[in-house]
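Quick notes on the structure that follows.
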Amino acid sequence: MSELRVRFAPSPTGYLHVGGARTALFNWLLAKKQGGTFILRIEDTDVERSTKESVDAILEGMKWLGLDWDEGPFYQSECFDLYKEYVQKLLDDGKAYRCYCSADELNAKRELAMQEGRKPKYDGTCRNRNDHPEGAPYVVRFAAPQGGEVAFDDLIKGRIAFPSEELDDLIIQRTDGTPTYNFCVVIDDASMRITTVIRGDDHVNNTPRQIQLYQALGFPVPQFAHVPMILGSDKARLSKRHGATSVIAYRDMGFLPEALINYLVRLGWSHGDDEIFSMDEMIQKFDINNVGRSASVFNTEKLLWLNAHYIKQGDTERLADLLLPHLSKREVTTLGGPDLMLVVNTLKERAQTLEEMADRAVFYYNAPQAYDEAALAKFEKEHLLAVFEAVAEKLSVTSAVDAAGFDLLFKELCTEKVWKMPQVGQPVRIALSGGTQAPGIGEIVQALGCQEAIRRIQAIRSFVAAR
RNA sequence: GUCCCCUUCGUCUAGCCUGGCCCAGGACACCGCCCUUUCACGGCGGCGACACCGGUUCAAAUCCGGUAGGGGACGCCA
């Protein structure tokens, strides 16, 4: 075990979104690679907006992706006493003070400053007052050190420096006595002995304030790595209006966790020209220094390609299991129907998602109720009847049992009757599946079984004959 | 408005630190051809980028300066 300690600290105000998942993944990878510790911490200091449902959704997403944590989940809401203690310490040391300015006053000042083109920072009204208005509501502000600059060497972005003038006295405790985020993270990261903070790059601006806090409290300052944002197709921050952003939504759309993980790891990070990574390869090759500095656009097409890849490579039994819920969604029951493993095998090379696979699997369990008329119309009625009769005949006496065997049977038929393969294949495909887009007819017959195949051929024969 | 960050094909990116091997490589998407029993898979090929302007240098995607564009932050949210 190395000394490395990292954490993923989502706030439970919604589900786990892909951006958060990627941040979690980078943390996890680094911990795995270096034999460090990965900690999960729930940042629920905002009691108003945090919900149990969100916590569950986040844990569900993490588990589905396979991002297991070594410690936690810890909840900030359970550490309020600890935060209070440190607020008091800062107060006692004269490094924090009570501020009696009302939220309304502050908002007004902020707006005015913005209008006048000034930096909307706190003006320090209460910083030097010594009176303590009896019973008046107050917040506690951190007295930010002034002068000079605060700088840090970001593992991803390099050195970043802020003039201290830019940093104002941030509120560390609200009127209601609860601590605020920027204060809690520092206390938590310090008390959990986090050595490397990997988080979204929207936190860059918080970092100097947090560093001042670490220093004021006498804590060692961890290393920081700010991961660039994930954008939507219009290059704006990825949000619901760009499509799904929830990890679980991707699961429900039929994506495999390894595909999402592989996609996410390549968004912002690269290892030469490599595209496909197993978890082990990722762990072995991951290096935080190779994470890019610029934001990247989420591209569903590539995710789809990766998903198709993992479906193709996937273990059939596992895929069959994963496919089940997608089938029930379509009210398809596999009971008494073809072996799902056989079905999945015919579909692995043709589906980009499990949803698509389920769509394509339906006909195996529900015999066609209607046929693709346009496709059927391409053949003469007499020809169709001849094909169906010949095929039914052949199938009823064959000893073939697998796709290759059935394919051979169809080829023989072509030779005997002097038909071209498409003249047989297409009508049979329509008979068996209802349409023209389906696996090879040999494969279908194998999955369906001769009996059922014959039944379907006779059904379409009557249908055609009746017209 | 102020501060911080970013900028290579439509998209993800390699290369940039340690200038020449780059008239820029890979992948997705797209287009074409091949394979073929439909749809796919697969194979082959094509299209396609160093934001812009200056400077340094024998030589710049790579170093320096500026401009433009984009993003983020500025909350008693996290």
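Ligands are numbered from 1 in the order shown, chains are lettered A, B, ... in the order of the structure tokens, and residues start at 1 in each chain.
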6 Å contacts from chain A to chain B using only C-alpha atoms (C1' of nucleotides), as an mmCIF file with N, CA and C atoms, in the first residue's frame:
```cif
data_model
loop_
_atom_site.group_PDB
_atom_site.id
_atom_site.type_symbol
_atom_site.label_atom_id
_atom_site.label_comp_id
_atom_site.auth_asym_id
_atom_site.auth_seq_id
_atom_site.Cartn_x
_atom_site.Cartn_y
_atom_site.Cartn_z
ATOM 1 N N MET A 114 -20.748 44.419 -9.679
ATOM 2 C CA MET A 114 -20.744 43.828 -11.016
ATOM 3 C C MET A 114 -21.075 44.909 -12.043
ATOM 4 N N GLY A 117 -18.415 47.126 -12.795
ATOM 5 C CA GLY A 117 -17.254 46.457 -13.354
ATOM 6 C C GLY A 117 -16.189 46.119 -12.329
ATOM 7 N N LYS A 119 -14.736 43.697 -9.104
ATOM 8 C CA LYS A 119 -14.794 42.321 -8.635
ATOM 9 C C LYS A 119 -15.797 42.273 -7.485
ATOM 10 N N ARG A 174 -22.818 29.206 8.149
ATOM 11 C CA ARG A 174 -24.019 29.950 7.802
ATOM 12 C C ARG A 174 -24.731 30.487 9.039
ATOM 13 N N ASP A 202 -14.075 22.912 -12.460
ATOM 14 C CA ASP A 202 -14.871 24.039 -11.976
ATOM 15 C C ASP A 202 -14.476 24.403 -10.535
ATOM 16 N N ASN A 205 -11.048 27.618 -9.071
ATOM 17 C CA ASN A 205 -11.133 28.895 -8.367
ATOM 18 C C ASN A 205 -11.309 28.762 -6.855
ATOM 19 N N GLY A 272 -0.956 6.887 -26.119
ATOM 20 C CA GLY A 272 -0.611 6.701 -27.522
ATOM 21 C C GLY A 272 -1.861 6.586 -28.370
ATOM 22 N N ASP A 273 -1.881 5.599 -29.258
ATOM 23 C CA ASP A 273 -3.020 5.420 -30.144
ATOM 24 C C ASP A 273 -4.004 4.374 -29.640
ATOM 25 N N SER A 294 -7.658 20.418 -21.881
ATOM 26 C CA SER A 294 -8.845 21.080 -22.429
ATOM 27 C C SER A 294 -10.107 20.232 -22.299
ATOM 28 N N LYS A 302 -19.213 7.387 -30.649
ATOM 29 C CA LYS A 302 -18.042 6.592 -30.283
ATOM 30 C C LYS A 302 -18.352 5.632 -29.134
ATOM 31 N N GLU A 349 -23.102 -9.760 -33.188
ATOM 32 C CA GLU A 349 -22.379 -8.981 -34.193
ATOM 33 C C GLU A 349 -23.237 -7.890 -34.799
ATOM 34 N N ARG A 350 -24.507 -7.886 -34.427
ATOM 35 C CA ARG A 350 -25.402 -6.945 -35.097
ATOM 36 C C ARG A 350 -26.007 -5.875 -34.232
ATOM 37 N N MET A 421 -29.132 -17.928 -54.546
ATOM 38 C CA MET A 421 -29.293 -17.877 -53.097
ATOM 39 C C MET A 421 -30.256 -16.781 -52.597
ATOM 40 N N PRO A 422 -30.147 -15.574 -53.115
ATOM 41 C CA PRO A 422 -31.058 -14.524 -52.645
ATOM 42 C C PRO A 422 -32.521 -14.866 -52.901
ATOM 43 N N GLY A 425 -33.037 -17.207 -49.869
ATOM 44 C CA GLY A 425 -32.736 -16.592 -48.579
ATOM 45 C C GLY A 425 -33.731 -15.539 -48.149
ATOM 46 N N THR A 436 -36.644 -8.236 -43.472
ATOM 47 C CA THR A 436 -35.457 -8.546 -44.272
ATOM 48 C C THR A 436 -34.157 -8.344 -43.507
ATOM 49 N N GLN A 437 -34.251 -7.722 -42.332
ATOM 50 C CA GLN A 437 -33.027 -7.499 -41.579
ATOM 51 C C GLN A 437 -32.957 -8.460 -40.405
ATOM 52 N N ALA A 438 -32.186 -9.500 -40.594
ATOM 53 C CA ALA A 438 -32.109 -10.517 -39.558
ATOM 54 C C ALA A 438 -30.813 -11.285 -39.740
#
```
- [ ] Pick out the residues sitting within 10 Å of Ser102 in chain A, and hand them over as an MDAnalysis selection string; count only C-alpha atoms (C1' of nucleotides), and ignore anything fewer than 3 positions along from it in its own chain.
- [x] (chainID A and resid 99 105:107 137:139 175) or (chainID B and resid 76)
So which residues touch Ile230 in chain A within 7 Å, counting only C-alpha atoms (C1' of nucleotides), skipping near sequence neighbours fewer than 5 positions away, as a PDB file with all heavy atoms, in the first residue's frame?
```pdb
ATOM      1  N   GLY A  19     -19.917  12.986 -15.999  1.00  0.00           N
ATOM      2  CA  GLY A  19     -18.756  13.793 -15.617  1.00  0.00           C
ATOM      3  C   GLY A  19     -18.218  13.346 -14.264  1.00  0.00           C
ATOM      4  O   GLY A  19     -17.018  13.143 -14.086  1.00  0.00           O
ATOM      5  N   ARG A 237     -21.464  23.243 -21.398  1.00  0.00           N
ATOM      6  CA  ARG A 237     -21.387  22.245 -20.349  1.00  0.00           C
ATOM      7  C   ARG A 237     -22.459  21.174 -20.544  1.00  0.00           C
ATOM      8  O   ARG A 237     -23.634  21.496 -20.768  1.00  0.00           O
ATOM      9  CB  ARG A 237     -21.605  22.979 -19.019  1.00  0.00           C
ATOM     10  CG  ARG A 237     -21.277  22.181 -17.815  1.00  0.00           C
ATOM     11  CD  ARG A 237     -21.643  22.997 -16.586  1.00  0.00           C
ATOM     12  NE  ARG A 237     -21.188  22.308 -15.408  1.00  0.00           N
ATOM     13  CZ  ARG A 237     -20.528  22.907 -14.429  1.00  0.00           C
ATOM     14  NH1 ARG A 237     -20.265  24.193 -14.492  1.00  0.00           N
ATOM     15  NH2 ARG A 237     -20.149  22.218 -13.391  1.00  0.00           N
ATOM     16  N   LEU A 238     -22.062  19.938 -20.457  1.00  0.00           N
ATOM     17  CA  LEU A 238     -22.990  18.834 -20.704  1.00  0.00           C
ATOM     18  C   LEU A 238     -24.167  18.871 -19.730  1.00  0.00           C
ATOM     19  O   LEU A 238     -23.990  18.933 -18.526  1.00  0.00           O
ATOM     20  CB  LEU A 238     -22.245  17.504 -20.542  1.00  0.00           C
ATOM     21  CG  LEU A 238     -23.027  16.248 -20.942  1.00  0.00           C
ATOM     22  CD1 LEU A 238     -23.250  16.222 -22.446  1.00  0.00           C
ATOM     23  CD2 LEU A 238     -22.300  15.001 -20.488  1.00  0.00           C
ATOM     24  N   ALA A 295     -11.246  20.914 -22.331  1.00  0.00           N
ATOM     25  CA  ALA A 295     -12.530  20.238 -22.188  1.00  0.00           C
ATOM     26  C   ALA A 295     -12.803  19.363 -23.397  1.00  0.00           C
ATOM     27  O   ALA A 295     -12.258  19.600 -24.478  1.00  0.00           O
ATOM     28  CB  ALA A 295     -13.629  21.278 -22.042  1.00  0.00           C
ATOM     29  N   SER A 296     -13.632  18.343 -23.237  1.00  0.00           N
ATOM     30  CA  SER A 296     -13.948  17.502 -24.380  1.00  0.00           C
ATOM     31  C   SER A 296     -15.442  17.292 -24.554  1.00  0.00           C
ATOM     32  O   SER A 296     -16.210  17.323 -23.595  1.00  0.00           O
ATOM     33  CB  SER A 296     -13.217  16.162 -24.271  1.00  0.00           C
ATOM     34  OG  SER A 296     -13.081  15.770 -22.935  1.00  0.00           O
ATOM     35  N   VAL A 297     -15.821  17.073 -25.794  1.00  0.00           N
ATOM     36  CA  VAL A 297     -17.229  16.909 -26.137  1.00  0.00           C
ATOM     37  C   VAL A 297     -17.635  15.438 -26.040  1.00  0.00           C
ATOM     38  O   VAL A 297     -16.940  14.563 -26.551  1.00  0.00           O
ATOM     39  CB  VAL A 297     -17.480  17.427 -27.573  1.00  0.00           C
ATOM     40  CG1 VAL A 297     -18.913  17.150 -28.016  1.00  0.00           C
ATOM     41  CG2 VAL A 297     -17.163  18.909 -27.656  1.00  0.00           C
ATOM     42  N   PHE A 298     -18.739  15.225 -25.390  1.00  0.00           N
ATOM     43  CA  PHE A 298     -19.256  13.868 -25.238  1.00  0.00           C
ATOM     44  C   PHE A 298     -19.860  13.436 -26.571  1.00  0.00           C
ATOM     45  O   PHE A 298     -20.715  14.101 -27.121  1.00  0.00           O
ATOM     46  CB  PHE A 298     -20.335  13.859 -24.148  1.00  0.00           C
ATOM     47  CG  PHE A 298     -20.736  12.474 -23.732  1.00  0.00           C
ATOM     48  CD1 PHE A 298     -20.066  11.831 -22.699  1.00  0.00           C
ATOM     49  CD2 PHE A 298     -21.789  11.821 -24.367  1.00  0.00           C
ATOM     50  CE1 PHE A 298     -20.434  10.543 -22.307  1.00  0.00           C
ATOM     51  CE2 PHE A 298     -22.148  10.529 -23.979  1.00  0.00           C
ATOM     52  CZ  PHE A 298     -21.473   9.904 -22.947  1.00  0.00           C
TER      53      PHE A 298
END
```
Open item on the list: What parts of range 357-464 of chain A does DSSP call alpha helix (DSSP H)? I'd like the answer as a ChimeraX atom specification.
Closed with: /A:357-365,373-376,381-397,403-417,421-433,441-448,450-464
Find the spatial neighbours of C34 in chain B, counting only C-alpha atoms (C1' of nucleotides), within a cut-off of 12 Å - ignore same-chain residues fewer than 2 positions away - and output them as a PDB file with N, CA and C atoms (P, O5', C5', C4', C3', O3' and C1' of nucleotides), in the first residue's frame.
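Now in selection27.pdb:
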```
ATOM      1  P     G B  32     -21.555   5.918 -50.740  1.00  0.00           P
ATOM      2  O5'   G B  32     -20.238   5.351 -51.431  1.00  0.00           O
ATOM      3  C5'   G B  32     -19.787   5.904 -52.667  1.00  0.00           C
ATOM      4  C4'   G B  32     -18.462   5.284 -53.029  1.00  0.00           C
ATOM      5  C3'   G B  32     -18.439   3.761 -53.097  1.00  0.00           C
ATOM      6  O3'   G B  32     -18.945   3.275 -54.318  1.00  0.00           O
ATOM      7  C1'   G B  32     -16.531   4.533 -51.933  1.00  0.00           C
ATOM      8  P     U B  36     -18.279 -13.653 -51.775  1.00  0.00           P
ATOM      9  O5'   U B  36     -19.640 -13.511 -50.979  1.00  0.00           O
ATOM     10  C5'   U B  36     -19.825 -14.199 -49.738  1.00  0.00           C
ATOM     11  C4'   U B  36     -21.046 -13.670 -49.073  1.00  0.00           C
ATOM     12  C3'   U B  36     -22.307 -13.705 -49.937  1.00  0.00           C
ATOM     13  O3'   U B  36     -22.941 -14.968 -49.813  1.00  0.00           O
ATOM     14  C1'   U B  36     -22.065 -11.561 -48.909  1.00  0.00           C
ATOM     15  P     G B  42     -16.357  -4.484 -37.450  1.00  0.00           P
ATOM     16  O5'   G B  42     -15.530  -5.420 -38.444  1.00  0.00           O
ATOM     17  C5'   G B  42     -14.853  -6.578 -37.960  1.00  0.00           C
ATOM     18  C4'   G B  42     -14.255  -7.321 -39.123  1.00  0.00           C
ATOM     19  C3'   G B  42     -13.349  -6.488 -40.010  1.00  0.00           C
ATOM     20  O3'   G B  42     -12.046  -6.396 -39.488  1.00  0.00           O
ATOM     21  C1'   G B  42     -14.851  -7.708 -41.358  1.00  0.00           C
ATOM     22  P     G B  43     -11.140  -5.135 -39.837  1.00  0.00           P
ATOM     23  O5'   G B  43     -10.769  -5.373 -41.366  1.00  0.00           O
ATOM     24  C5'   G B  43      -9.957  -6.478 -41.730  1.00  0.00           C
ATOM     25  C4'   G B  43      -9.757  -6.473 -43.221  1.00  0.00           C
ATOM     26  C3'   G B  43      -9.301  -5.141 -43.799  1.00  0.00           C
ATOM     27  O3'   G B  43      -7.901  -4.966 -43.687  1.00  0.00           O
ATOM     28  C1'   G B  43     -11.082  -5.990 -45.097  1.00  0.00           C
ATOM     29  P     C B  44      -7.299  -3.503 -43.533  1.00  0.00           P
ATOM     30  O5'   C B  44      -7.457  -2.908 -44.989  1.00  0.00           O
ATOM     31  C5'   C B  44      -6.762  -3.481 -46.091  1.00  0.00           C
ATOM     32  C4'   C B  44      -7.235  -2.854 -47.370  1.00  0.00           C
ATOM     33  C3'   C B  44      -7.135  -1.334 -47.420  1.00  0.00           C
ATOM     34  O3'   C B  44      -5.842  -0.881 -47.755  1.00  0.00           O
ATOM     35  C1'   C B  44      -9.246  -2.027 -48.233  1.00  0.00           C
ATOM     36  P     G B  45      -5.343   0.509 -47.185  1.00  0.00           P
ATOM     37  O5'   G B  45      -6.226   1.560 -47.981  1.00  0.00           O
ATOM     38  C5'   G B  45      -5.899   1.899 -49.317  1.00  0.00           C
ATOM     39  C4'   G B  45      -7.007   2.705 -49.932  1.00  0.00           C
ATOM     40  C3'   G B  45      -7.233   4.117 -49.397  1.00  0.00           C
ATOM     41  O3'   G B  45      -6.299   5.043 -49.897  1.00  0.00           O
ATOM     42  C1'   G B  45      -9.310   3.049 -49.743  1.00  0.00           C
TER      43        G B  45
END
```
Open item on the list: If DSSP is run on the backbone, what residues of range 128-316 of chain A are strand (DSSP E)? A reply as an NGL selection string would be ideal.
Closed with: :A and (139-142 or 149-154 or 158-163 or 171-173 or 196-200 or 223-227 or 230-231 or 296-297)
Task: Separation of CA of Asp168 in chain A from CA of Phe8 in chain A, in Å and rounded to one decimal - done: 27.0 Å
Open item on the list: Measuring between only C-alpha atoms, which one of A:Leu260, A:Arg266, A:Ala143, A:Val47 shows the shortest distance to Arg209 in chain A?
Closed with: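 The answer is A:Ala143, which sits nearest to Arg209 in chain A.
Distances to Cys79 in chain A were evaluated for A:Leu384, A:Leu340, A:Ile42, A:Val265 using only C-alpha atoms, and the minimum falls at A:Ile42.
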- [ ] Could you check how far CA of Ala374 in chain A sits from CA of Ala386 in chain A, in Å to one decimal?
- [x]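 Separation between CA of Ala374 in chain A and CA of Ala386 in chain A: 19.2 Å.
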